[in-house]
Every structure is written in C-alpha cells, then in structure tokens.
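Peer 1: upload_27.pdb (PDB, C-alpha atoms and all ligand atoms) pasted underneath:
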ATOM      1  CA  MET A 102       3.547  14.898  25.594
ATOM      2  CA  ASN A 103       1.754  15.774  28.787
ATOM      3  CA  SER A 104       4.646  16.480  31.173
ATOM      4  CA  LYS A 105       2.815  14.886  34.119
ATOM      5  CA  THR A 106       2.379  11.622  32.215
ATOM      6  CA  GLN A 107       4.120   8.699  33.877
ATOM      7  CA  SER A 108       3.188   6.106  31.293
ATOM      8  CA  VAL A 109       2.910   6.325  27.542
ATOM      9  CA  LEU A 110       0.466   3.428  27.620
ATOM     10  CA  GLU A 111      -1.639   2.011  30.388
ATOM     11  CA  LEU A 112      -4.098  -0.859  30.186
ATOM     12  CA  LYS A 113      -6.423  -1.097  33.161
ATOM     13  CA  GLU A 114      -8.213  -4.359  33.870
ATOM     14  CA  VAL A 115      -8.826  -5.051  30.186
ATOM     15  CA  TYR A 116     -11.184  -7.888  29.240
ATOM     16  CA  LYS A 117     -11.945  -9.166  25.755
ATOM     17  CA  HIS A 118     -13.834 -12.217  24.548
ATOM     18  CA  TYR A 119     -14.807 -13.595  21.165
ATOM     19  CA  PHE A 120     -17.409 -16.087  20.123
ATOM     20  CA  GLN A 121     -16.333 -18.924  17.900
ATOM     21  CA  GLY A 122     -19.665 -20.440  16.957
ATOM     22  CA  GLU A 123     -21.382 -21.194  20.236
ATOM     23  CA  GLN A 124     -18.197 -21.184  22.206
ATOM     24  CA  LYS A 125     -17.156 -18.156  24.226
ATOM     25  CA  LEU A 126     -13.441 -17.541  24.132
ATOM     26  CA  GLU A 127     -12.127 -15.427  27.014
ATOM     27  CA  VAL A 128      -8.968 -14.016  25.444
ATOM     28  CA  LEU A 129      -8.028 -11.177  27.809
ATOM     29  CA  GLN A 130      -9.098 -11.578  31.419
ATOM     30  CA  GLY A 131      -8.013  -8.534  33.359
ATOM     31  CA  VAL A 132      -4.864  -7.312  31.646
ATOM     32  CA  ASP A 133      -2.942  -4.568  33.455
ATOM     33  CA  LEU A 134       0.033  -2.937  31.828
ATOM     34  CA  LYS A 135       2.083   0.236  32.124
ATOM     35  CA  ILE A 136       4.783   1.282  29.701
ATOM     36  CA  ALA A 137       7.114   4.086  30.734
ATOM     37  CA  PRO A 138       8.644   6.662  28.381
ATOM     38  CA  HIS A 139      11.585   5.158  26.444
ATOM     39  CA  GLU A 140      10.764   1.651  27.633
ATOM     40  CA  VAL A 141      10.870  -1.231  25.154
ATOM     41  CA  VAL A 142       8.724  -4.176  26.212
ATOM     42  CA  ALA A 143       8.458  -7.658  24.700
ATOM     43  CA  LEU A 144       5.042  -9.302  24.533
ATOM     44  CA  ILE A 145       5.466 -13.039  24.383
ATOM     45  CA  GLY A 146       3.085 -15.968  24.387
ATOM     46  CA  PRO A 147       2.197 -18.875  22.131
ATOM     47  CA  SER A 148       0.058 -18.487  19.038
ATOM     48  CA  GLY A 149      -3.551 -17.894  20.057
ATOM     49  CA  SER A 150      -2.689 -16.486  23.494
ATOM     50  CA  GLY A 151      -4.102 -13.049  22.609
ATOM     51  CA  LYS A 152      -1.069 -10.952  21.642
ATOM     52  CA  SER A 153      -2.703  -9.479  18.535
ATOM     53  CA  THR A 154      -5.927  -8.871  20.445
ATOM     54  CA  LEU A 155      -4.007  -6.971  23.128
ATOM     55  CA  LEU A 156      -2.076  -4.913  20.562
ATOM     56  CA  GLN A 157      -5.261  -4.044  18.652
ATOM     57  CA  ILE A 158      -6.898  -2.808  21.833
ATOM     58  CA  ALA A 159      -3.770  -0.885  22.894
ATOM     59  CA  GLY A 160      -3.651   0.625  19.389
ATOM     60  CA  LEU A 161      -7.304   1.723  19.540
ATOM     61  CA  LEU A 162      -8.189  -0.510  16.603
ATOM     62  CA  ASP A 163     -10.615  -2.447  18.775
ATOM     63  CA  HIS A 164     -12.558  -1.811  21.976
ATOM     64  CA  PRO A 165     -12.180  -3.826  25.174
ATOM     65  CA  ASP A 166     -15.342  -5.364  26.672
ATOM     66  CA  LYS A 167     -14.337  -3.887  29.999
ATOM     67  CA  GLY A 168     -11.436  -1.814  31.284
ATOM     68  CA  ASP A 169      -9.627   1.186  29.853
ATOM     69  CA  VAL A 170      -6.742   2.170  27.622
ATOM     70  CA  VAL A 171      -4.843   5.282  28.686
ATOM     71  CA  LEU A 172      -2.569   6.909  26.112
ATOM     72  CA  ASP A 173      -0.481   9.941  27.028
ATOM     73  CA  GLY A 174      -2.542  10.277  30.202
ATOM     74  CA  GLU A 175      -5.800  10.400  28.230
ATOM     75  CA  SER A 176      -8.443   7.806  28.966
ATOM     76  CA  CYS A 177      -9.588   6.431  25.616
ATOM     77  CA  GLY A 178     -12.517   4.369  26.857
ATOM     78  CA  SER A 179     -14.989   7.141  26.168
ATOM     79  CA  ALA A 180     -13.043   8.918  23.418
ATOM     80  CA  ASN A 181     -14.971   9.473  20.186
ATOM     81  CA  ASP A 182     -13.841   8.061  16.843
ATOM     82  CA  GLY A 183     -12.251  11.336  15.762
ATOM     83  CA  MET A 184     -10.098  11.490  18.861
ATOM     84  CA  ARG A 185      -9.109   7.825  18.537
ATOM     85  CA  THR A 186      -8.114   8.367  14.911
ATOM     86  CA  ALA A 187      -6.073  11.437  15.844
ATOM     87  CA  LEU A 188      -4.272   9.527  18.619
ATOM     88  CA  ARG A 189      -3.525   6.650  16.242
ATOM     89  CA  ARG A 190      -2.125   9.073  13.684
ATOM     90  CA  ASP A 191      -0.130  11.363  16.005
ATOM     91  CA  TYR A 192       0.866   9.206  18.937
ATOM     92  CA  LEU A 193       1.145   5.622  17.697
ATOM     93  CA  GLY A 194       3.186   3.766  15.112
ATOM     94  CA  PHE A 195       2.274   0.260  13.937
ATOM     95  CA  VAL A 196       4.299  -2.534  12.384
ATOM     96  CA  TYR A 197       2.539  -5.732  11.361
ATOM     97  CA  GLN A 198       3.786  -9.175  10.400
ATOM     98  CA  TYR A 199       2.885  -8.411   6.783
ATOM     99  CA  HIS A 200       4.065  -5.007   5.717
ATOM    100  CA  ASN A 201       0.964  -3.661   3.872
ATOM    101  CA  LEU A 202       3.130  -1.256   1.862
ATOM    102  CA  LEU A 203       1.449   0.489  -1.067
ATOM    103  CA  ALA A 204       2.503  -1.519  -4.123
ATOM    104  CA  ASP A 205       2.333   1.374  -6.604
ATOM    105  CA  PHE A 206       4.612   3.631  -4.583
ATOM    106  CA  ASN A 207       8.339   3.374  -3.982
ATOM    107  CA  ALA A 208       9.953   3.054  -0.551
ATOM    108  CA  LEU A 209      10.460   6.796  -0.175
ATOM    109  CA  GLU A 210       6.851   7.574  -1.131
ATOM    110  CA  ASN A 211       5.559   4.920   1.269
ATOM    111  CA  VAL A 212       7.314   6.756   4.115
ATOM    112  CA  VAL A 213       6.472  10.259   2.857
ATOM    113  CA  LEU A 214       2.725   9.662   2.386
ATOM    114  CA  PRO A 215       1.676   9.237   6.029
ATOM    115  CA  GLN A 216       3.524  12.454   6.825
ATOM    116  CA  LEU A 217       1.666  14.381   4.106
ATOM    117  CA  ILE A 218      -1.596  12.996   5.463
ATOM    118  CA  ALA A 219      -0.582  14.304   8.899
ATOM    119  CA  GLY A 220      -0.080  17.778   7.396
ATOM    120  CA  ILE A 221       3.715  17.850   7.057
ATOM    121  CA  LYS A 222       5.124  19.677   4.017
ATOM    122  CA  LEU A 223       6.747  17.668   1.223
ATOM    123  CA  ALA A 224      10.352  18.851   1.724
ATOM    124  CA  PRO A 225      10.662  18.011   5.451
ATOM    125  CA  ALA A 226       8.646  14.805   4.904
ATOM    126  CA  LYS A 227      11.137  13.675   2.249
ATOM    127  CA  GLU A 228      14.079  14.598   4.435
ATOM    128  CA  LYS A 229      12.657  12.607   7.338
ATOM    129  CA  ALA A 230      11.879   9.611   5.105
ATOM    130  CA  GLU A 231      15.390   9.636   3.637
ATOM    131  CA  TRP A 232      16.923   9.793   7.093
ATOM    132  CA  LEU A 233      14.794   6.910   8.404
ATOM    133  CA  LEU A 234      15.353   4.706   5.353
ATOM    134  CA  GLY A 235      19.078   5.456   5.401
ATOM    135  CA  ARG A 236      19.256   4.680   9.111
ATOM    136  CA  LEU A 237      17.577   1.328   8.387
ATOM    137  CA  GLY A 238      20.177   0.483   5.725
ATOM    138  CA  LEU A 239      18.027   1.278   2.671
ATOM    139  CA  LYS A 240      19.851   4.327   1.300
ATOM    140  CA  GLU A 241      20.362   2.676  -2.104
ATOM    141  CA  ARG A 242      16.837   1.313  -2.234
ATOM    142  CA  ILE A 243      14.591   4.318  -1.723
ATOM    143  CA  TYR A 244      13.317   4.505  -5.318
ATOM    144  CA  HIS A 245      12.365   0.818  -5.478
ATOM    145  CA  ARG A 246       8.790  -0.378  -5.207
ATOM    146  CA  PRO A 247       7.920  -3.071  -2.651
ATOM    147  CA  ALA A 248       7.906  -5.815  -5.316
ATOM    148  CA  GLU A 249      11.530  -4.953  -6.131
ATOM    149  CA  LEU A 250      12.625  -5.332  -2.509
ATOM    150  CA  SER A 251      13.395  -8.442  -0.471
ATOM    151  CA  GLY A 252      11.102  -9.444   2.427
ATOM    152  CA  GLY A 253      13.567  -8.034   4.934
ATOM    153  CA  GLU A 254      13.875  -4.765   3.015
ATOM    154  CA  GLN A 255      10.093  -4.449   2.741
ATOM    155  CA  GLN A 256       9.805  -4.864   6.486
ATOM    156  CA  ARG A 257      12.479  -2.199   7.054
ATOM    157  CA  VAL A 258      10.415   0.178   4.919
ATOM    158  CA  ALA A 259       7.358  -0.690   7.036
ATOM    159  CA  ILE A 260       9.378   0.168  10.165
ATOM    160  CA  ALA A 261      10.440   3.511   8.646
ATOM    161  CA  ARG A 262       6.806   4.211   7.749
ATOM    162  CA  ALA A 263       5.688   3.452  11.320
ATOM    163  CA  LEU A 264       8.238   5.945  12.652
ATOM    164  CA  ALA A 265       7.584   8.631  10.023
ATOM    165  CA  ASN A 266       5.271  10.743  12.161
ATOM    166  CA  THR A 267       7.511  10.517  15.242
ATOM    167  CA  PRO A 268       5.167   8.435  17.382
ATOM    168  CA  LYS A 269       5.603   8.209  21.140
ATOM    169  CA  LEU A 270       4.724   4.531  21.166
ATOM    170  CA  LEU A 271       5.454   1.834  18.621
ATOM    171  CA  LEU A 272       3.212  -1.237  18.575
ATOM    172  CA  ALA A 273       4.637  -4.141  16.608
ATOM    173  CA  ASP A 274       2.892  -7.461  16.052
ATOM    174  CA  GLU A 275       5.470 -10.160  15.293
ATOM    175  CA  PRO A 276       7.196  -7.693  12.968
ATOM    176  CA  THR A 277       9.651 -10.235  11.582
ATOM    177  CA  GLY A 278       7.402 -13.281  11.873
ATOM    178  CA  ASN A 279       7.323 -14.048   8.148
ATOM    179  CA  LEU A 280      11.058 -13.657   7.532
ATOM    180  CA  ASP A 281      13.725 -16.367   7.552
ATOM    181  CA  PRO A 282      15.585 -16.572  10.902
ATOM    182  CA  HIS A 283      18.749 -14.787   9.767
ATOM    183  CA  THR A 284      16.872 -11.909   8.089
ATOM    184  CA  SER A 285      14.492 -11.782  11.037
ATOM    185  CA  ASP A 286      17.375 -11.276  13.490
ATOM    186  CA  ASN A 287      18.894  -8.494  11.373
ATOM    187  CA  VAL A 288      15.634  -6.626  10.877
ATOM    188  CA  PHE A 289      14.691  -7.031  14.527
ATOM    189  CA  LEU A 290      18.031  -5.660  15.728
ATOM    190  CA  ALA A 291      17.706  -2.730  13.291
ATOM    191  CA  LEU A 292      14.242  -2.090  14.736
ATOM    192  CA  LEU A 293      15.495  -2.161  18.335
ATOM    193  CA  ASP A 294      18.419   0.116  17.426
ATOM    194  CA  ILE A 295      16.272   2.797  15.872
ATOM    195  CA  VAL A 296      13.698   2.588  18.658
ATOM    196  CA  LYS A 297      16.465   3.178  21.217
ATOM    197  CA  GLU A 298      18.044   5.941  19.132
ATOM    198  CA  THR A 299      14.790   7.833  18.660
ATOM    199  CA  GLY A 300      13.833   7.339  22.316
ATOM    200  CA  LEU A 301      10.288   6.144  21.758
ATOM    201  CA  SER A 302       8.565   3.419  23.736
ATOM    202  CA  ALA A 303       7.590   0.124  22.176
ATOM    203  CA  LEU A 304       5.472  -2.944  22.800
ATOM    204  CA  ILE A 305       6.623  -5.718  20.495
ATOM    205  CA  ALA A 306       5.015  -9.142  20.189
ATOM    206  CA  THR A 307       7.440 -11.901  19.344
ATOM    207  CA  HIS A 308       7.878 -15.677  19.559
ATOM    208  CA  ASN A 309      11.619 -15.317  19.671
ATOM    209  CA  MET A 310      12.862 -15.479  23.267
ATOM    210  CA  GLU A 311      16.393 -14.455  22.359
ATOM    211  CA  LEU A 312      15.165 -11.250  20.713
ATOM    212  CA  ALA A 313      12.686 -10.709  23.553
ATOM    213  CA  GLY A 314      15.649 -10.908  25.926
ATOM    214  CA  LYS A 315      17.211  -7.878  24.262
ATOM    215  CA  MET A 316      14.287  -5.675  25.328
ATOM    216  CA  ASP A 317      13.994  -3.852  28.658
ATOM    217  CA  ARG A 318      11.218  -6.072  29.987
ATOM    218  CA  GLN A 319       9.442  -9.262  28.973
ATOM    219  CA  LEU A 320       5.734  -9.833  29.568
ATOM    220  CA  SER A 321       4.080 -13.138  28.889
ATOM    221  CA  LEU A 322       0.398 -13.571  28.061
ATOM    222  CA  LYS A 323      -0.955 -16.608  29.813
ATOM    223  CA  ASP A 324      -4.557 -17.558  30.517
ATOM    224  CA  GLY A 325      -5.690 -14.073  29.590
ATOM    225  CA  LYS A 326      -3.323 -12.283  31.955
ATOM    226  CA  LEU A 327       0.101 -10.683  31.643
ATOM    227  CA  ILE A 328       2.923 -12.126  33.665
ATOM    228  CA  ASP A 329       6.102 -10.152  34.212
ATOM    229  CA  MET A 330       8.996 -12.509  33.518
ATOM    230  CA  ARG A 331      11.399 -10.775  35.896
ATOM    231  CA  PRO A 332      10.031 -11.923  39.271
ATOM    232  CA  SER A 333      10.061 -15.582  38.233
ATOM    233  CA  LYS A 334      13.676 -15.157  37.143
ATOM    234  CA  ARG A 335      14.541 -13.689  40.538
ATOM    235  CA  ILE A 336      12.790 -16.559  42.289
ATOM    236  CA  LYS A 337      14.815 -18.992  40.223
ATOM    237  CA  GLU A 338      18.035 -17.182  41.075
ATOM    238  CA  GLY A 339      17.005 -17.077  44.724
ATOM    239  CA  LYS A 340      16.545 -20.842  44.698
ATOM    240  CA  ASN A 341      20.200 -21.272  43.817
ATOM    241  CA  PHE A 342      21.089 -20.187  47.341
ATOM    242  CA  TYR A 343      19.424 -23.192  48.946
TER     243      TYR A 343
HETATM  244  N1  LIG B 401     -12.278 -11.674  15.468
HETATM  245  C1  LIG B 401     -12.190 -12.835  16.098
HETATM  246  N2  LIG B 401     -13.269 -13.644  16.230
HETATM  247  C2  LIG B 401     -13.193 -14.825  16.885
HETATM  248  N3  LIG B 401     -12.069 -15.276  17.492
HETATM  249  C3  LIG B 401     -10.973 -14.521  17.405
HETATM  250  C4  LIG B 401     -10.967 -13.275  16.707
HETATM  251  N4  LIG B 401      -9.720 -12.730  16.796
HETATM  252  C5  LIG B 401      -8.977 -13.615  17.506
HETATM  253  N5  LIG B 401      -9.716 -14.689  17.877
HETATM  254  C6  LIG B 401      -9.253 -15.823  18.694
HETATM  255  O1  LIG B 401      -8.742 -15.294  19.895
HETATM  256  C7  LIG B 401      -7.577 -15.990  20.311
HETATM  257  C8  LIG B 401      -6.430 -15.020  20.433
HETATM  258  O2  LIG B 401      -6.058 -14.594  19.141
HETATM  259  P1  LIG B 401      -4.866 -13.595  18.862
HETATM  260  O3  LIG B 401      -5.066 -12.373  19.656
HETATM  261  O4  LIG B 401      -4.771 -13.453  17.385
HETATM  262  O5  LIG B 401      -3.607 -14.412  19.441
HETATM  263  P2  LIG B 401      -2.056 -14.350  19.057
HETATM  264  O6  LIG B 401      -1.824 -13.041  18.376
HETATM  265  O7  LIG B 401      -1.331 -14.471  20.377
HETATM  266  O8  LIG B 401      -1.787 -15.516  18.179
HETATM  267  C9  LIG B 401      -7.370 -17.094  19.282
HETATM  268  O9  LIG B 401      -7.924 -18.281  19.771
HETATM  269  C10 LIG B 401      -8.121 -16.587  18.074
HETATM  270  O10 LIG B 401      -8.571 -17.660  17.293
HETATM  271 MG    MG B 402      -1.016 -12.620  16.511
END
Can you give me the file's structure in the form of structure tokens?
Ligand SMILES: Nc1ncnc2c1ncn2[C@@H]1O[C@H](COP(=O)(O)OP(=O)(O)O)[C@@H](O)[C@H]1O
Ligand SMILES: [Mg+2]

Peer 2:
Amino acid sequence: MNSKTQSVLELKEVYKHYFQGEQKLEVLQGVDLKIAPHEVVALIGPSGSGKSTLLQIAGLLDHPDKGDVVLDGESCGSANDGMRTALRRDYLGFVYQYHNLLADFNALENVVLPQLIAGIKLAPAKEKAEWLLGRLGLKERIYHRPAELSGGEQQRVAIARALANTPKLLLADEPTGNLDPHTSDNVFLALLDIVKETGLSALIATHNMELAGKMDRQLSLKDGKLIDMRPSKRIKEGKNFY
C-alpha cells in the first residue's frame, strides 16, 4: 500500500440516481466516507436505502453520477477499465448475500481459483486456501462441493474466497442476510474475527444492529446521505446530565 495513504477507501460527494419508469430515484445524494487502515465499519439502513448501490460504487462495479472513489490514494473516477479490474482483483474482496460459489468445484478449489487467476502458484494458493478455510472452521469440509455444504458453511467458503488474494478492503453486502439468525450470528462473528486477525479494513452492510454494534463504527444511510451514529449517541448521553 502507498505509505502516505490515510484511508483505504474514500468516497467524495458521491451521487447516484436511477430511473424507475418515469420516476427519478435519488439514491445517493452527496455521500462522503473515509475508512482508515484496519477499520471495520458497519453500513446500516433499511431495505431500499441504497446500501448495495453504495457498495457497488465503492467496489468499482458501478460508476457514480458525480463525485469520486479513492482507493489506496488513487482516484478511480477517471481510471480506465483495466485499472479498475486490477484494483478489484488486487485490492478488494467481496462477499455477497448469496455466495455465488462455483457449483462444480469443491470448497478448496473455490478459494484456490481466484489466486491462480491473480498469478499465484498452485502450492502457495492451496496452502493459503487451507489456512483460510481451517480458520473459518471448515477444515473437515474442504473437499465438499457447495451443494454438500450447509448455507452457513457455503457463506464461510465465500468469505475465505473473498480473502484469498489478501485484499486491503473487504466489502460485504448483507453477508449473512439469507441465513437463519443463529447461523447468521456465528458466521458474522467468524467474519469479524478473521477480518480483525488479518488486519484488513471492511465495510459491511447489515440490518442487524447488534452485529453492527460489534464493529468499530456504524454509519447509517438516510435520505441519500451517511450519518455517523456516534455523535447522536454522545448527544443522547449528554442529555442525561440535564
Ligand atoms: N439498477 C437499478 N435500476 C433502478 N432502480 C434501482 C436499481 N438498483 C437499485 N435501485 C433502487 O434504488 C434503491 C436503493 O437500492 P439498493 O441500493 O439496492 O438498497 P439496499 O441495498 O439498501 O436495499 C431502491 O429503491 C432500488 O429499488
Ligand atoms: Mg442491498
């Protein structure tokens, strides 16, 4: 990483709208965000508030109408497709609500493949995949295909895959949103553990306030803008003095 970089991710005055039929939908209306190295940030907000839109823009999967995305100190607004693809591959890890694992490959292969694509040799790629899967509690499961794994196990494999190329920033979009509450808690805590252990930064969208509370910082998307939850908490605490 660029040693002068203060933030792993910066969004600067990001705007995004969609049209639904005739109707213009202003989803992001001047979103500013900075994520520091090693920081784990919760992105909360009701369904439809724009969390996925924000994560797609931060992950260079979509372009903002206005504003800029800065990754590792590099402004991506004017970056060409090749550079955006390289940043996605080398700098970012993604976890989605639905795992998108390759059905014909076992857990180990699903975590090895992205490393081979990034140019890593088979032996170290396998070693890394085994370590990640073991660390996520899947040591006995590495030769199973996705269909032979439970929903929670599949999602753990997806987490291992996202971390396979040692990203600097993990973007996760409701990563346990389709799991039952108990499994969701376990997988989420495993995710937070490994993020902390590997020292990467993360921006994780979730509905679950309790899990959000376990992260370093909570940001709420409301009316197209991000609100830091900490100041309002301080105001509330301050009010107790009166
Ligand atoms: N490609 C699209 N075209 C039109 N509307 C969209 C598109 N993607 C998202 N939206 C709308 O934008 C709003 C924000 O969506 P989204 O970012 O998915 O929110 P969240 O992830 O918080 O549920 C929603 O009203 C959604 O219907
Ligand atoms: Mg969403």

Peer 1: For A:Tyr199, which residue among A:Glu249, A:Glu175, A:Asp166, A:Asp274 is the nearest when counting all atoms listed in the file?

Peer 2: A:Asp274

Peer 1: Here is a test: counting only C-alpha atoms, which residue of A:Lys297, A:Lys113, A:Lys269, A:Arg318 is nearest to A:Tyr192?

Peer 2: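 Ranked by minimum distance to A:Tyr192, first place goes to A:Lys269.
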
Peer 1: Could you pull out the residues sitting within 8 Å of ligand MG 402 (chain B), using all atoms listed in the file, and write them as a PyMOL selection string?

Peer 2: chain A and resi 148-149+151-154+274-275+306

Peer 1: Once you count all atoms listed in the file, which residues end up within 10 Å of ligand LIG 401 (chain B), and could you hand them over as a VMD selection string?

Peer 2: chain A and resid 117 to 122 124 to 129 144 to 158 163 274 to 275 306 to 308 322 to 323 325

Peer 1: Give me the result of the PyMOL selection byres (((chain A and resi 254) around 12) and not hetatm) on this file, residue by residue, as an mmCIF file with C-alpha atoms, in the frame of the given file.

Peer 2:
data_model
loop_
_atom_site.group_PDB
_atom_site.id
_atom_site.type_symbol
_atom_site.label_atom_id
_atom_site.label_comp_id
_atom_site.auth_asym_id
_atom_site.auth_seq_id
_atom_site.Cartn_x
_atom_site.Cartn_y
_atom_site.Cartn_z
ATOM 1 C CA HIS A 200 4.065 -5.007 5.717
ATOM 2 C CA LEU A 202 3.130 -1.256 1.862
ATOM 3 C CA ALA A 208 9.953 3.054 -0.551
ATOM 4 C CA LEU A 234 15.353 4.706 5.353
ATOM 5 C CA GLY A 235 19.078 5.456 5.401
ATOM 6 C CA LEU A 237 17.577 1.328 8.387
ATOM 7 C CA GLY A 238 20.177 0.483 5.725
ATOM 8 C CA LEU A 239 18.027 1.278 2.671
ATOM 9 C CA LYS A 240 19.851 4.327 1.300
ATOM 10 C CA GLU A 241 20.362 2.676 -2.104
ATOM 11 C CA ARG A 242 16.837 1.313 -2.234
ATOM 12 C CA ILE A 243 14.591 4.318 -1.723
ATOM 13 C CA HIS A 245 12.365 0.818 -5.478
ATOM 14 C CA ARG A 246 8.790 -0.378 -5.207
ATOM 15 C CA PRO A 247 7.920 -3.071 -2.651
ATOM 16 C CA ALA A 248 7.906 -5.815 -5.316
ATOM 17 C CA GLU A 249 11.530 -4.953 -6.131
ATOM 18 C CA LEU A 250 12.625 -5.332 -2.509
ATOM 19 C CA SER A 251 13.395 -8.442 -0.471
ATOM 20 C CA GLY A 252 11.102 -9.444 2.427
ATOM 21 C CA GLY A 253 13.567 -8.034 4.934
ATOM 22 C CA GLN A 255 10.093 -4.449 2.741
ATOM 23 C CA GLN A 256 9.805 -4.864 6.486
ATOM 24 C CA ARG A 257 12.479 -2.199 7.054
ATOM 25 C CA VAL A 258 10.415 0.178 4.919
ATOM 26 C CA ALA A 259 7.358 -0.690 7.036
ATOM 27 C CA ILE A 260 9.378 0.168 10.165
ATOM 28 C CA ALA A 261 10.440 3.511 8.646
ATOM 29 C CA THR A 277 9.651 -10.235 11.582
ATOM 30 C CA LEU A 280 11.058 -13.657 7.532
ATOM 31 C CA THR A 284 16.872 -11.909 8.089
ATOM 32 C CA SER A 285 14.492 -11.782 11.037
ATOM 33 C CA ASN A 287 18.894 -8.494 11.373
ATOM 34 C CA VAL A 288 15.634 -6.626 10.877
ATOM 35 C CA PHE A 289 14.691 -7.031 14.527
ATOM 36 C CA ALA A 291 17.706 -2.730 13.291
#

Peer 1: Hey, what comes out of the PyMOL selection byres (((chain A and resi 109) around 12) and not hetatm) on this file? Could you write it as an NGL selection string?

Peer 2: :A and (102-108 or 110-112 or 134-141 or 159-160 or 170-176 or 188 or 192-193 or 268-272 or 301-304)

Peer 1: What's the separation between atom CA of A:Val142 and atom CA of A:Ile305, in Å to one decimal place?

Peer 2: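 Atom CA of A:Val142 sits 6.3 Å away from atom CA of A:Ile305.
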
Peer 1: Mind pulling up the distance from atom CA of A:Asp191 to atom CA of A:Leu217?

Peer 2: 12.4 Å

Peer 1: Put the listed atoms of stretch 144-150 of chain A in a box along x, y and z with 8 Å added on every side and give me the centre and edge lengths in Å to one decimal, as JSON.

Peer 2:
{"center_x": 1.0, "center_y": -14.1, "center_z": 21.8, "size_x": 25.0, "size_y": 25.6, "size_z": 21.5}

Peer 1: Quick one: distance from atom CA of A:Asn201 to atom CA of A:Ala263 in Å, one decimal?

Peer 2: 11.3 Å

Peer 1: Measuring atom to atom with all atoms listed in the file, identify which of A:Val212, A:Leu203, A:Ala224, A:Ile295 is nearest to A:Arg236.

Peer 2: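 Counting all atoms listed in the file, the residue closest to A:Arg236 is A:Ile295.
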
Peer 1: When distances are computed from all atoms listed in the file, which of A:Ile221, A:Ala180, A:Leu209, A:Gly194 shows the smallest separation from A:Leu233?

Peer 2: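 Between A:Ile221, A:Ala180, A:Leu209, A:Gly194, the residue approaching A:Leu233 most closely is A:Leu209.
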
Peer 1: Using all atoms listed in the file for the distances, tell me which of A:Asp182, A:Glu114, A:Glu228, A:Glu311 is nearest to A:Glu210.

Peer 2: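 Looking only at the distances to A:Glu210, the closest residue turns out to be A:Glu228.
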
Peer 1: Restrict the output to stretch 161-172 of chain A and N, CA and C atoms, then write it as a short mmCIF file (atom, residue, chain, number, x, y, z; two decimals), in the first residue's frame.

Peer 2:
data_model
loop_
_atom_site.label_atom_id
_atom_site.label_comp_id
_atom_site.auth_asym_id
_atom_site.auth_seq_id
_atom_site.Cartn_x
_atom_site.Cartn_y
_atom_site.Cartn_z
N LEU A 161 -16.14 -0.40 -7.31
CA LEU A 161 -15.87 -0.13 -8.73
C LEU A 161 -16.66 -1.03 -9.67
N LEU A 162 -17.81 -1.48 -9.21
CA LEU A 162 -18.69 -2.28 -10.08
C LEU A 162 -19.68 -1.37 -10.79
N ASP A 163 -19.78 -0.14 -10.32
CA ASP A 163 -20.67 0.83 -10.95
C ASP A 163 -20.02 2.21 -10.82
N HIS A 164 -20.46 3.13 -11.66
CA HIS A 164 -19.91 4.49 -11.63
C HIS A 164 -20.87 5.43 -10.92
N PRO A 165 -20.35 6.37 -10.13
CA PRO A 165 -21.25 7.40 -9.58
C PRO A 165 -21.63 8.39 -10.69
N ASP A 166 -22.76 9.08 -10.51
CA ASP A 166 -23.11 10.16 -11.46
C ASP A 166 -22.13 11.31 -11.29
N LYS A 167 -21.78 11.53 -10.02
CA LYS A 167 -20.93 12.67 -9.67
C LYS A 167 -20.12 12.25 -8.46
N GLY A 168 -18.96 12.85 -8.26
CA GLY A 168 -18.15 12.51 -7.10
C GLY A 168 -17.06 11.51 -7.47
N ASP A 169 -16.28 11.11 -6.47
CA ASP A 169 -15.13 10.25 -6.77
C ASP A 169 -14.98 9.14 -5.72
N VAL A 170 -14.35 8.08 -6.16
CA VAL A 170 -13.98 6.97 -5.28
C VAL A 170 -12.46 6.93 -5.26
N VAL A 171 -11.88 6.98 -4.07
CA VAL A 171 -10.42 6.94 -3.95
C VAL A 171 -10.05 5.66 -3.21
N LEU A 172 -9.29 4.80 -3.89
CA LEU A 172 -8.83 3.55 -3.29
C LEU A 172 -7.33 3.59 -3.21
#
